[in-house]
$ cat final_28.cif   # mmCIF, C-alpha atoms
data_work
loop_
_atom_site.label_atom_id
_atom_site.label_comp_id
_atom_site.auth_asym_id
_atom_site.auth_seq_id
_atom_site.Cartn_x
_atom_site.Cartn_y
_atom_site.Cartn_z
CA MET A 29 -10.58 4.25 24.22
CA SER A 30 -8.59 4.15 20.97
CA ARG A 31 -10.26 3.28 17.70
CA LEU A 32 -9.84 -0.35 16.58
CA PHE A 33 -9.50 0.50 12.89
CA GLY A 34 -6.36 2.42 11.94
CA THR A 35 -5.46 4.08 8.66
CA ASP A 36 -5.31 0.69 6.94
CA GLY A 37 -7.66 -1.62 8.81
CA VAL A 38 -6.97 -3.51 12.04
CA ARG A 39 -3.35 -4.46 12.69
CA GLY A 40 -1.34 -6.02 15.46
CA VAL A 41 0.84 -8.95 16.43
CA ALA A 42 -1.07 -12.03 15.31
CA ASN A 43 -2.35 -14.24 18.13
CA ALA A 44 -1.37 -11.60 20.70
CA ASP A 45 -3.03 -8.30 19.75
CA LEU A 46 -4.91 -9.63 16.75
CA ARG A 47 -6.32 -12.89 18.05
CA PRO A 48 -8.57 -15.33 16.18
CA GLU A 49 -11.31 -14.57 18.72
CA LEU A 50 -11.20 -10.91 17.64
CA ALA A 51 -11.12 -11.90 13.95
CA PHE A 52 -14.24 -14.01 14.51
CA ARG A 53 -16.06 -11.07 16.11
CA ILE A 54 -14.94 -8.74 13.32
CA GLY A 55 -16.24 -11.23 10.74
CA ARG A 56 -19.64 -11.44 12.44
CA ALA A 57 -19.99 -7.68 12.79
CA ALA A 58 -18.77 -6.87 9.28
CA ALA A 59 -21.00 -9.45 7.60
CA SER A 60 -23.95 -7.96 9.50
CA VAL A 61 -23.16 -4.40 8.42
CA LEU A 62 -22.12 -5.00 4.81
CA GLY A 63 -24.62 -6.11 2.20
CA VAL A 64 -28.37 -6.56 2.56
CA SER A 65 -29.66 -8.28 5.69
CA GLY A 66 -30.71 -11.85 4.97
CA ASP A 67 -28.95 -11.87 1.59
CA ARG A 68 -26.44 -14.68 0.91
CA THR A 69 -24.26 -12.57 -1.43
CA PRO A 70 -20.75 -13.69 -0.47
CA VAL A 71 -17.87 -11.91 1.15
CA VAL A 72 -14.58 -12.47 -0.71
CA VAL A 73 -11.51 -13.21 1.45
CA GLY A 74 -7.87 -13.07 0.37
CA ARG A 75 -4.56 -13.14 2.24
CA ASP A 76 -0.82 -12.84 1.89
CA THR A 77 1.70 -15.56 2.75
CA ARG A 78 2.08 -14.87 6.48
CA LEU A 79 2.10 -17.94 8.68
CA SER A 80 -0.76 -16.55 10.76
CA GLY A 81 -2.88 -15.94 7.66
CA THR A 82 -4.67 -19.28 7.63
CA MET A 83 -5.52 -18.99 11.33
CA LEU A 84 -7.08 -15.55 10.93
CA GLU A 85 -8.73 -16.52 7.63
CA ALA A 86 -10.47 -19.46 9.30
CA ALA A 87 -11.62 -17.26 12.17
CA ILE A 88 -13.00 -14.43 10.08
CA ILE A 89 -14.74 -16.82 7.67
CA ALA A 90 -16.30 -18.57 10.67
CA GLY A 91 -17.60 -15.22 11.83
CA ILE A 92 -18.98 -14.32 8.41
CA THR A 93 -20.79 -17.63 7.95
CA SER A 94 -22.11 -17.64 11.54
CA VAL A 95 -24.49 -14.78 10.71
CA GLY A 96 -25.78 -16.49 7.58
CA ARG A 97 -23.59 -14.94 4.90
CA ASP A 98 -21.51 -16.99 2.46
CA ALA A 99 -17.75 -16.57 2.14
CA VAL A 100 -15.39 -17.27 -0.75
CA SER A 101 -11.69 -17.82 -0.09
CA LEU A 102 -9.36 -16.61 -2.84
CA GLY A 103 -6.29 -17.91 -1.03
CA ILE A 104 -3.02 -16.02 -1.52
CA VAL A 105 -3.59 -13.03 -3.81
CA PRO A 106 -2.48 -9.39 -3.93
CA THR A 107 -4.68 -6.89 -2.10
CA PRO A 108 -5.77 -5.24 -5.38
CA ALA A 109 -6.96 -8.62 -6.66
CA VAL A 110 -9.44 -8.77 -3.78
CA ALA A 111 -10.77 -5.33 -4.69
CA CYS A 112 -11.04 -6.37 -8.34
CA VAL A 113 -12.84 -9.67 -7.69
CA THR A 114 -15.19 -8.00 -5.22
CA ARG A 115 -16.27 -5.54 -7.91
CA ARG A 116 -16.39 -8.04 -10.75
CA ILE A 117 -18.58 -10.70 -9.09
CA GLY A 118 -20.83 -8.30 -7.19
CA ALA A 119 -19.70 -9.49 -3.75
CA ALA A 120 -21.07 -7.95 -0.57
CA ALA A 121 -17.54 -7.03 0.48
CA GLY A 122 -13.91 -8.02 0.25
CA VAL A 123 -11.57 -8.85 3.13
CA VAL A 124 -7.79 -8.84 3.02
CA ILE A 125 -5.77 -10.55 5.75
CA SER A 126 -2.37 -8.89 5.58
CA ALA A 127 -0.12 -6.45 7.41
CA SER A 128 1.38 -5.23 4.13
CA HIS A 129 5.01 -4.15 4.75
CA ASN A 130 4.96 -4.86 8.49
CA PRO A 131 7.16 -7.52 10.15
CA ILE A 132 6.39 -11.25 9.97
CA ALA A 133 4.70 -11.46 13.37
CA ASP A 134 2.15 -8.79 12.49
CA ASN A 135 -1.05 -9.30 10.58
CA GLY A 136 -4.10 -7.26 9.75
CA ILE A 137 -7.67 -7.22 8.50
CA LYS A 138 -8.97 -4.64 6.05
CA PHE A 139 -12.18 -4.40 4.07
CA PHE A 140 -13.37 -3.31 0.66
CA GLY A 141 -16.96 -2.36 -0.01
CA PRO A 142 -18.90 -3.83 -2.97
CA ASP A 143 -17.57 -0.98 -5.14
CA GLY A 144 -13.97 -2.08 -4.49
CA PHE A 145 -13.14 0.95 -2.35
CA LYS A 146 -11.94 0.78 1.22
CA LEU A 147 -14.63 1.41 3.80
CA PRO A 148 -15.26 4.93 5.12
CA ASP A 149 -14.67 5.63 8.79
CA GLU A 150 -18.38 5.64 9.54
CA THR A 151 -18.82 2.09 8.26
CA GLU A 152 -15.79 0.87 10.19
CA ASP A 153 -17.20 2.51 13.30
CA ARG A 154 -20.51 0.68 12.80
CA ILE A 155 -18.62 -2.62 12.58
CA GLU A 156 -16.63 -1.82 15.70
CA ALA A 157 -19.78 -0.88 17.60
CA LEU A 158 -21.25 -4.35 16.93
CA LEU A 159 -18.25 -6.43 18.02
CA ASP A 160 -19.83 -7.39 21.34
CA SER A 161 -23.46 -7.17 20.28
CA GLN A 162 -25.75 -9.98 21.44
CA GLU A 163 -28.31 -9.01 18.81
CA LEU A 164 -26.48 -10.35 15.75
CA ALA A 165 -28.12 -13.23 13.88
CA ARG A 166 -27.44 -16.85 14.88
CA PRO A 167 -29.07 -18.86 12.09
CA THR A 168 -29.20 -22.64 12.13
CA GLY A 169 -29.78 -25.44 9.64
CA THR A 170 -29.82 -24.39 6.01
CA ALA A 171 -29.67 -20.71 6.98
CA VAL A 172 -26.03 -20.98 8.11
CA GLY A 173 -23.57 -19.38 5.69
CA VAL A 174 -21.38 -21.59 3.53
CA ALA A 175 -17.63 -21.18 3.00
CA ARG A 176 -16.05 -22.33 -0.22
CA VAL A 177 -12.75 -22.07 -2.06
CA ALA A 178 -12.79 -19.88 -5.16
CA GLN A 179 -12.70 -21.57 -8.54
CA ASN A 180 -10.34 -19.45 -10.64
CA LEU A 181 -11.77 -16.08 -9.61
CA ALA A 182 -8.27 -14.59 -9.96
CA ARG A 183 -8.94 -14.62 -13.71
CA TYR A 184 -10.77 -11.31 -13.28
CA TYR A 185 -7.61 -9.71 -11.95
CA TYR A 186 -5.46 -11.18 -14.71
CA ARG A 187 -7.91 -9.75 -17.26
CA GLU A 188 -7.51 -6.29 -15.76
CA LEU A 189 -3.74 -6.60 -15.92
CA TYR A 190 -3.96 -7.46 -19.61
CA GLU A 191 -6.61 -4.90 -20.62
CA SER A 192 -4.07 -2.18 -21.44
CA ASN A 193 -2.52 -4.50 -24.07
CA ALA A 194 0.97 -3.59 -22.89
CA ASP A 195 3.64 -5.18 -25.05
CA LEU A 196 6.67 -5.86 -22.86
CA ARG A 197 8.69 -7.86 -25.37
CA GLY A 198 12.38 -6.96 -25.25
CA LEU A 199 12.34 -6.02 -21.57
CA HIS A 200 14.37 -7.99 -19.04
CA VAL A 201 12.66 -7.72 -15.66
CA VAL A 202 13.86 -8.85 -12.25
CA VAL A 203 10.87 -9.33 -9.92
CA ASP A 204 11.31 -9.28 -6.14
CA ALA A 205 7.98 -10.39 -4.63
CA ALA A 206 9.24 -10.19 -1.01
CA PHE A 207 8.03 -13.78 -0.43
CA GLY A 208 4.56 -12.23 -0.42
CA ALA A 209 1.22 -12.13 -2.19
CA ALA A 210 2.60 -11.35 -5.67
CA TYR A 211 4.99 -14.32 -5.72
CA ALA A 212 3.05 -16.18 -8.47
CA ILE A 213 0.75 -13.63 -10.12
CA ALA A 214 3.30 -10.92 -10.95
CA PRO A 215 5.93 -13.07 -12.74
CA TYR A 216 3.20 -14.94 -14.63
CA ALA A 217 1.45 -11.77 -15.83
CA LEU A 218 4.67 -10.07 -16.91
CA ARG A 219 5.75 -13.15 -18.87
CA LYS A 220 2.32 -13.33 -20.48
CA LEU A 221 2.83 -9.75 -21.69
CA GLY A 222 6.16 -10.67 -23.26
CA ALA A 223 8.79 -9.74 -20.68
CA ASP A 224 11.79 -11.92 -19.89
CA VAL A 225 11.43 -12.42 -16.13
CA MET A 226 13.99 -13.38 -13.51
CA GLU A 227 12.37 -14.28 -10.18
CA LEU A 228 13.82 -13.10 -6.88
CA ASN A 229 12.15 -14.03 -3.58
CA CYS A 230 9.15 -15.28 -5.52
CA GLU A 231 8.22 -18.12 -3.19
CA ASN A 232 5.28 -18.75 -0.90
CA ASP A 233 7.27 -18.31 2.31
CA GLY A 234 5.50 -16.49 5.12
CA ALA A 235 8.49 -17.04 7.38
CA ARG A 236 10.51 -14.62 5.24
CA ILE A 237 7.88 -12.13 4.03
CA ASN A 238 9.41 -8.62 3.83
CA VAL A 239 12.66 -9.79 5.47
CA ASP A 240 15.50 -7.82 3.88
CA CYS A 241 13.79 -7.88 0.50
CA GLY A 242 11.02 -6.42 -1.60
CA ALA A 243 9.88 -2.81 -1.37
CA THR A 244 11.19 -2.46 2.19
CA ASN A 245 14.79 -3.32 1.25
CA LEU A 246 15.79 -2.68 -2.35
CA ARG A 247 19.46 -3.67 -2.02
CA PRO A 248 19.04 -7.32 -3.13
CA LEU A 249 17.05 -6.21 -6.16
CA GLN A 250 19.61 -3.54 -7.01
CA ALA A 251 22.38 -6.13 -6.80
CA ALA A 252 20.49 -8.52 -9.08
CA VAL A 253 19.80 -5.82 -11.67
CA ARG A 254 23.39 -4.61 -11.63
CA ALA A 255 24.67 -8.17 -12.01
CA ARG A 256 22.64 -8.60 -15.20
CA ILE A 257 23.78 -5.20 -16.48
CA ASP A 258 27.41 -6.14 -15.78
CA ALA A 259 26.80 -9.39 -17.68
CA GLY A 260 26.01 -7.33 -20.77
CA GLU A 261 22.21 -7.42 -20.78
CA LYS A 262 20.37 -4.32 -21.93
CA ASP A 263 16.97 -2.94 -20.94
CA VAL A 264 17.12 -4.55 -17.50
CA VAL A 265 14.78 -3.15 -14.86
CA GLY A 266 13.74 -4.36 -11.42
CA ILE A 267 10.37 -4.40 -9.65
CA ALA A 268 9.94 -4.79 -5.90
CA PHE A 269 6.59 -5.46 -4.24
CA ASP A 270 5.67 -5.32 -0.59
CA GLY A 271 4.00 -8.18 1.28
CA ASP A 272 0.49 -7.67 -0.05
CA ALA A 273 1.56 -6.17 -3.40
CA ASP A 274 -0.49 -3.01 -3.18
CA ARG A 275 2.64 -1.06 -3.95
CA ALA A 276 5.71 -1.36 -6.16
CA LEU A 277 9.10 0.32 -6.42
CA PHE A 278 11.54 0.02 -9.30
CA ILE A 279 15.22 -0.15 -10.18
CA ASP A 280 16.12 1.44 -13.52
CA GLU A 281 18.68 0.44 -16.15
CA THR A 282 21.48 2.22 -14.27
CA GLY A 283 20.73 0.50 -10.97
CA ALA A 284 19.09 3.62 -9.48
CA ILE A 285 15.94 3.53 -7.34
CA VAL A 286 12.72 4.74 -8.93
CA SER A 287 10.34 5.88 -6.18
CA GLY A 288 6.59 6.36 -6.23
CA ASP A 289 7.14 10.04 -7.05
CA HIS A 290 9.11 9.08 -10.16
CA VAL A 291 6.48 6.53 -11.16
CA MET A 292 3.64 9.05 -10.85
CA PHE A 293 5.65 11.55 -12.89
CA ALA A 294 6.04 9.09 -15.79
CA ILE A 295 2.46 7.82 -15.69
CA GLY A 296 1.05 11.31 -15.15
CA ARG A 297 2.88 12.74 -18.16
CA ASP A 298 1.61 9.89 -20.31
CA MET A 299 -1.95 10.38 -19.06
CA LYS A 300 -1.80 14.13 -19.71
CA ALA A 301 -0.62 13.49 -23.27
CA ARG A 302 -3.60 11.17 -23.75
CA GLY A 303 -6.03 13.66 -22.22
CA GLU A 304 -6.75 11.23 -19.36
CA LEU A 305 -5.34 13.22 -16.43
CA ARG A 306 -8.41 14.87 -14.98
CA GLY A 307 -7.77 18.28 -13.49
CA ASP A 308 -4.21 18.23 -14.86
CA ALA A 309 -3.14 17.29 -11.36
CA ILE A 310 -1.83 14.35 -9.34
CA VAL A 311 -2.70 13.69 -5.70
CA GLY A 312 0.40 13.02 -3.62
CA THR A 313 1.00 13.34 0.10
CA VAL A 314 2.78 15.69 2.46
CA MET A 315 5.77 13.36 2.03
CA SER A 316 5.95 13.86 -1.76
CA ASN A 317 9.36 15.30 -2.59
CA VAL A 318 9.55 18.92 -3.67
CA GLY A 319 11.72 17.79 -6.61
CA PHE A 320 8.71 15.81 -7.87
CA GLU A 321 6.52 18.90 -7.56
CA ARG A 322 9.03 21.03 -9.47
CA ALA A 323 9.23 18.49 -12.33
CA LEU A 324 5.45 18.27 -12.63
CA ARG A 325 5.14 22.05 -12.77
CA LYS A 326 7.34 22.17 -15.88
CA HIS A 327 4.74 20.06 -17.69
CA GLY A 328 1.69 21.96 -16.49
CA ILE A 329 0.73 19.35 -13.91
CA GLY A 330 -0.21 20.33 -10.38
CA LEU A 331 0.45 18.42 -7.16
CA ILE A 332 -2.32 18.13 -4.60
CA ARG A 333 -1.01 17.08 -1.18
CA ALA A 334 -3.04 14.80 1.09
CA ALA A 335 -2.21 13.34 4.49
CA VAL A 336 0.02 10.24 4.53
CA GLY A 337 -1.92 7.04 3.90
CA ASP A 338 -3.56 5.68 0.79
CA ARG A 339 -7.05 6.16 2.24
CA TYR A 340 -6.42 9.93 2.42
CA VAL A 341 -5.05 9.99 -1.11
CA LEU A 342 -8.17 8.12 -2.25
CA GLU A 343 -10.47 10.52 -0.43
CA ARG A 344 -8.80 13.52 -2.06
CA MET A 345 -8.94 11.86 -5.48
CA ARG A 346 -12.62 11.06 -5.18
CA ASP A 347 -13.56 14.45 -3.72
CA GLY A 348 -11.68 16.33 -6.46
CA ASP A 349 -12.41 13.91 -9.31
CA TYR A 350 -8.71 13.25 -9.95
CA THR A 351 -7.49 10.17 -11.83
CA LEU A 352 -4.01 9.52 -10.46
CA GLY A 353 -2.54 9.63 -6.99
CA GLY A 354 -0.12 7.87 -4.72
CA GLU A 355 2.76 7.89 -2.31
CA GLN A 356 6.55 7.86 -2.43
CA SER A 357 6.41 4.31 -1.09
CA GLY A 358 5.10 3.11 -4.45
CA HIS A 359 1.43 2.98 -3.46
CA ILE A 360 -0.08 4.18 -6.76
CA VAL A 361 -3.82 4.58 -7.37
CA ASP A 362 -4.88 4.84 -11.01
CA PHE A 363 -8.66 5.03 -11.33
CA ARG A 364 -8.44 3.94 -14.97
CA ARG A 365 -7.24 0.55 -13.75
CA ASN A 366 -8.40 -0.15 -10.16
CA THR A 367 -9.93 1.34 -7.02
CA THR A 368 -6.93 0.90 -4.73
CA GLY A 369 -3.14 0.77 -4.73
CA ASP A 370 -2.05 -1.90 -7.19
CA GLY A 371 1.59 -2.97 -7.45
CA PRO A 372 1.32 -5.40 -10.40
CA MET A 373 -0.88 -2.97 -12.33
CA THR A 374 1.56 -0.15 -11.68
CA ALA A 375 4.34 -2.34 -13.06
CA VAL A 376 2.38 -3.23 -16.20
CA THR A 377 1.39 0.40 -16.80
CA LEU A 378 4.85 1.88 -16.25
CA LEU A 379 6.71 -0.75 -18.27
CA GLY A 380 4.09 -0.46 -21.00
CA ILE A 381 4.97 3.24 -21.29
CA VAL A 382 8.67 2.36 -21.45
CA THR A 383 8.20 0.00 -24.40
CA ALA A 384 5.58 2.11 -26.19
CA ARG A 385 7.78 5.20 -26.11
CA GLY A 386 10.95 3.27 -26.86
CA GLU A 387 12.75 5.00 -23.98
CA ARG A 388 14.62 3.74 -20.97
CA LEU A 389 12.90 3.99 -17.61
CA HIS A 390 15.86 6.04 -16.42
CA ASP A 391 15.23 8.64 -19.12
CA LEU A 392 11.49 8.77 -18.48
CA VAL A 393 11.97 9.87 -14.88
CA ARG A 394 15.26 11.77 -14.97
CA GLU A 395 13.54 15.17 -14.66
CA VAL A 396 12.54 14.33 -11.10
CA VAL A 397 15.59 15.54 -9.19
CA THR A 398 14.80 14.74 -5.58
CA VAL A 399 16.07 17.07 -2.88
CA PRO A 400 17.49 15.50 0.30
CA GLN A 401 14.69 14.17 2.48
CA VAL A 402 15.63 12.68 5.84
CA LEU A 403 13.31 10.48 7.90
CA VAL A 404 14.06 9.63 11.53
CA ASN A 405 11.75 7.30 13.45
CA VAL A 406 11.10 7.55 17.17
CA ARG A 407 9.80 4.19 18.36
CA THR A 408 7.06 4.74 20.91
CA ALA A 409 3.46 3.87 21.62
CA HIS A 410 3.02 7.25 23.33
CA LYS A 411 2.02 9.22 20.24
CA GLU A 412 0.16 11.75 22.39
CA ILE A 413 3.57 13.23 23.17
CA LEU A 414 3.20 15.33 20.02
CA ALA A 415 0.61 17.43 21.86
CA ALA A 416 3.00 18.25 24.71
CA PRO A 417 3.84 21.99 24.82
CA VAL A 418 7.59 21.29 25.01
CA VAL A 419 7.46 19.14 21.86
CA ARG A 420 5.27 21.61 20.00
CA GLU A 421 7.73 24.40 20.84
CA ALA A 422 10.65 22.27 19.60
CA ILE A 423 8.84 21.58 16.32
CA ALA A 424 8.06 25.28 15.85
CA ALA A 425 11.69 26.23 16.50
CA ALA A 426 12.91 23.61 14.00
CA GLU A 427 10.53 24.89 11.34
CA ALA A 428 11.67 28.47 11.96
CA SER A 429 15.31 27.44 11.55
CA LEU A 430 14.61 26.29 7.98
CA ASP A 431 13.64 29.89 7.16
CA GLY A 432 11.48 28.88 4.21
CA GLU A 433 14.28 26.84 2.60
CA GLY A 434 12.79 23.42 3.31
CA ARG A 435 9.94 21.45 4.86
CA LEU A 436 9.45 19.74 8.20
CA LEU A 437 6.80 17.12 8.94
CA VAL A 438 6.32 15.38 12.29
CA ARG A 439 3.55 12.80 12.48
CA ALA A 440 2.47 9.65 14.23
CA SER A 441 2.45 6.52 12.07
CA GLY A 442 -0.99 5.10 11.46
CA THR A 443 0.25 1.51 11.17
CA GLU A 444 3.21 1.17 13.55
CA PRO A 445 4.20 2.42 17.05
CA LEU A 446 6.34 5.20 15.62
CA ILE A 447 6.60 8.97 15.44
CA ARG A 448 8.15 9.97 12.14
CA VAL A 449 10.29 13.10 11.81
CA MET A 450 10.84 14.19 8.20
CA ALA A 451 13.03 17.11 7.17
CA GLU A 452 13.52 18.14 3.55
CA GLY A 453 15.72 20.77 1.92
CA ASP A 454 18.47 21.39 -0.61
CA ASP A 455 21.25 21.10 2.02
CA ARG A 456 21.49 17.48 3.23
CA VAL A 457 23.71 18.27 6.23
CA VAL A 458 21.24 20.84 7.52
CA VAL A 459 18.19 18.59 7.26
CA GLU A 460 20.01 15.56 8.71
CA GLN A 461 21.09 17.54 11.77
CA LEU A 462 17.66 19.10 12.16
CA ALA A 463 15.79 15.79 12.03
CA ALA A 464 18.23 14.10 14.43
CA ARG A 465 18.03 16.93 16.99
CA LEU A 466 14.24 17.05 16.90
CA ALA A 467 13.88 13.26 17.19
CA ALA A 468 16.26 13.28 20.16
CA ARG A 469 14.24 16.05 21.82
CA ILE A 470 11.03 14.04 21.41
CA GLU A 471 12.71 10.95 22.89
CA GLU A 472 13.95 12.99 25.86
CA GLU A 473 10.45 14.27 26.58
CA ILE A 474 8.99 10.76 26.36
CA GLU A 475 11.58 9.48 28.85
CA ARG A 476 10.98 12.44 31.16
CA GLN A 477 7.23 11.93 31.24
CA LEU A 478 7.55 8.17 31.74
CA SER A 479 9.91 8.67 34.70
CA THR A 480 7.61 11.08 36.56
#

$ encode --input "final_28.cif" --output "structure tokens"
Amino acid sequence: MSRLFGTDGVRGVANADLRPELAFRIGRAAASVLGVSGDRTPVVVGRDTRLSGTMLEAAIIAGITSVGRDAVSLGIVPTPAVACVTRRIGAAAGVVISASHNPIADNGIKFFGPDGFKLPDETEDRIEALLDSQELARPTGTAVGVARVAQNLARYYYRELYESNADLRGLHVVVDAAFGAAYAIAPYALRKLGADVMELNCENDGARINVDCGATNLRPLQAAVRARIDAGEKDVVGIAFDGDADRALFIDETGAIVSGDHVMFAIGRDMKARGELRGDAIVGTVMSNVGFERALRKHGIGLIRAAVGDRYVLERMRDGDYTLGGEQSGHIVDFRRNTTGDGPMTAVTLLGIVTARGERLHDLVREVVTVPQVLVNVRTAHKEILAAPVVREAIAAAEASLDGEGRLLVRASGTEPLIRVMAEGDDRVVVEQLAARLAARIEEEIERQLST
């Protein structure tokens, strides 16, 4: 039987895979595992704008309160805000109802412990083991948990965004919130810090979350930035968030994309200059571009590679006592600022460096010359195909053909029914052909096995 919790909580199509009945059971089990038994210390709950969010929020809060624990609803807030509030008010746990960058129909449930960190596998396994338990508490009368709506608890997150005292005056910023969780908080915070903000897709619209916008499609943001540049404005940059705003990508003053690798390069250099980059290293992933690694090396900064997924980056950071880590996708973890990926905080930090140094974002990251990296997705739920001898032989042959002049990574997605084939090297034609051939070979083997 497959594990309920994936690399980023429980995900599925809302009301089909992820039903309110399941959310209720998860709420009961989690509230029984997290915190001290019999204690009313609340569980904090936040969500993104998805249409199914209120349904699942009601179900999980019902589960939490049914075992005698209180719940506090933050409403629509970025994922990092839930982690922040959980830490700041001493909550028993935090819950986020979101499927991040996934399609509209999907939703998810993920937890933060009282320290603001995502739960370890062992704790998630304890929750899963109790889903059908008949031994969980069923209090009555005054012992039943109480659900309430938060009274301005988001102020704790705003305070954290302002603590660096970034002065963004003079910057013109286009914000694409992807119709998601950052639609109100991000523009407000950036204006408060002095930036001139143009809003793009900054509406509470769960029917359009992540649809051809935000961090999953940067073309609208690029067009908006270029339009302002063509109109004669200077110092124009763009920020794109994903649905739950735990990551951010950028468009620089030339209209070029600034990936998570570029962002970590700029922030890491600044931290090293301040003596704040512990271990003189940054934790990336196996997907981090070799061009990023080469640029870091020139400045005496090492790159530690973890498996794909912010939880693995976090584990490596905590185990090695590193301060900064993240992914190409813009999921940046800065332990000076928060305990999880934080899109709005990343934006404040990066743009604060731009204004403090008096340089353009483009110039801050220009040393990161990315080599061609091609990603081909094979859509399938049969991820076990990667263990098939024929597929393993095909992967080995593809790696051998690179002859040390590139990298190949084949992995199953932890959040979607996909197998991802990544090829990287200095010759784009070679890596494109390699990735396409290998993906086609995997698809052929899937079809062959399904037909027998």

$ resolve_selection --input "final_28.cif" --expression "the PyMOL selection byres ((chain A and resi 195) around 10)" --output "ChimeraX atom specification"
/A:190,192-194,196-199,218,220-223,376,379-384

$ residues_around --input "final_28.cif" --residues "segment 81-92 of chain A" --least-positions-apart "6" --cutoff "8 Å" --atoms "all atoms listed in the file" --output "ChimeraX atom specification"
/A:47-49,51-59,71,73,75,98-99,125-126,135,173,175

$ resolve_selection --input "final_28.cif" --expression "the PyMOL selection byres ((chain A and resi 353) around 10)" --output "PyMOL selection string"
chain A and resi 288-289+292+296+309-313+331-334+338+341-342+344-345+350-352+354-355+359-363+369

$ atom_distance --input "final_28.cif" --atom1 "atom CA of Tyr211 of chain A" --atom2 "atom CA of Asn232 of chain A"
6.6 Å

$ atom_distance --input "final_28.cif" --atom1 "atom CA of Glu460 of chain A" --atom2 "atom CA of Val402 of chain A"
6.0 Å

$ resolve_selection --input "final_28.cif" --expression "the PyMOL selection byres ((chain A and resi 101) around 7)" --output "count of residues only"
10

$ closest_residue --input "final_28.cif" --among "A:Gly434, A:Pro70, A:Gly63, A:Pro215" --to "Val318 of chain A" --atoms "only C-alpha atoms"
A:Gly434

$ residues_around --input "final_28.cif" --residues "segment 262-265 of chain A" --least-positions-apart "6" --cutoff "9 Å" --atoms "only C-alpha atoms" --output "PyMOL selection string"
chain A and resi 198-203+253-254+256+278-283+388-389

$ residues_around --input "final_28.cif" --residues "Ala121 of chain A" --least-positions-apart "4" --cutoff "7 Å" --atoms "all atoms listed in the file" --output "compact mmCIF listing (two decimals) with C-alpha atoms, in the frame of the given file"
# COMPACT_ATOMS: atom_id res chain seq x y z
CA LEU A 62 -22.12 -5.00 4.81
CA VAL A 71 -17.87 -11.91 1.15
CA VAL A 72 -14.58 -12.47 -0.71
CA THR A 114 -15.19 -8.00 -5.22
CA PHE A 139 -12.18 -4.40 4.07
CA PHE A 140 -13.37 -3.31 0.66
CA GLY A 141 -16.96 -2.36 -0.01
CA PRO A 142 -18.90 -3.83 -2.97

$ closest_residue --input "final_28.cif" --among "A:Gly307, A:Gly319, A:Gly37, A:Pro248" --to "Glu152 of chain A" --atoms "all atoms listed in the file"
A:Gly37

$ closest_residue --input "final_28.cif" --among "A:Leu437, A:Ile213, A:Leu32, A:Ala111" --to "Ala157 of chain A" --atoms "only C-alpha atoms"
A:Leu32

$ residues_around --input "final_28.cif" --residues "Asp143 of chain A" --least-positions-apart "6" --cutoff "10 Å" --atoms "all atoms listed in the file" --output "ChimeraX atom specification"
/A:111-112,114-116,118-122,367

$ closest_residue --input "final_28.cif" --among "A:Val239, A:Leu378, A:Ala212, A:Val336" --to "His290 of chain A" --atoms "all atoms listed in the file"
A:Leu378

$ atom_distance --input "final_28.cif" --atom1 "atom CA of Asp153 of chain A" --atom2 "atom CA of Ala127 of chain A"
20.2 Å
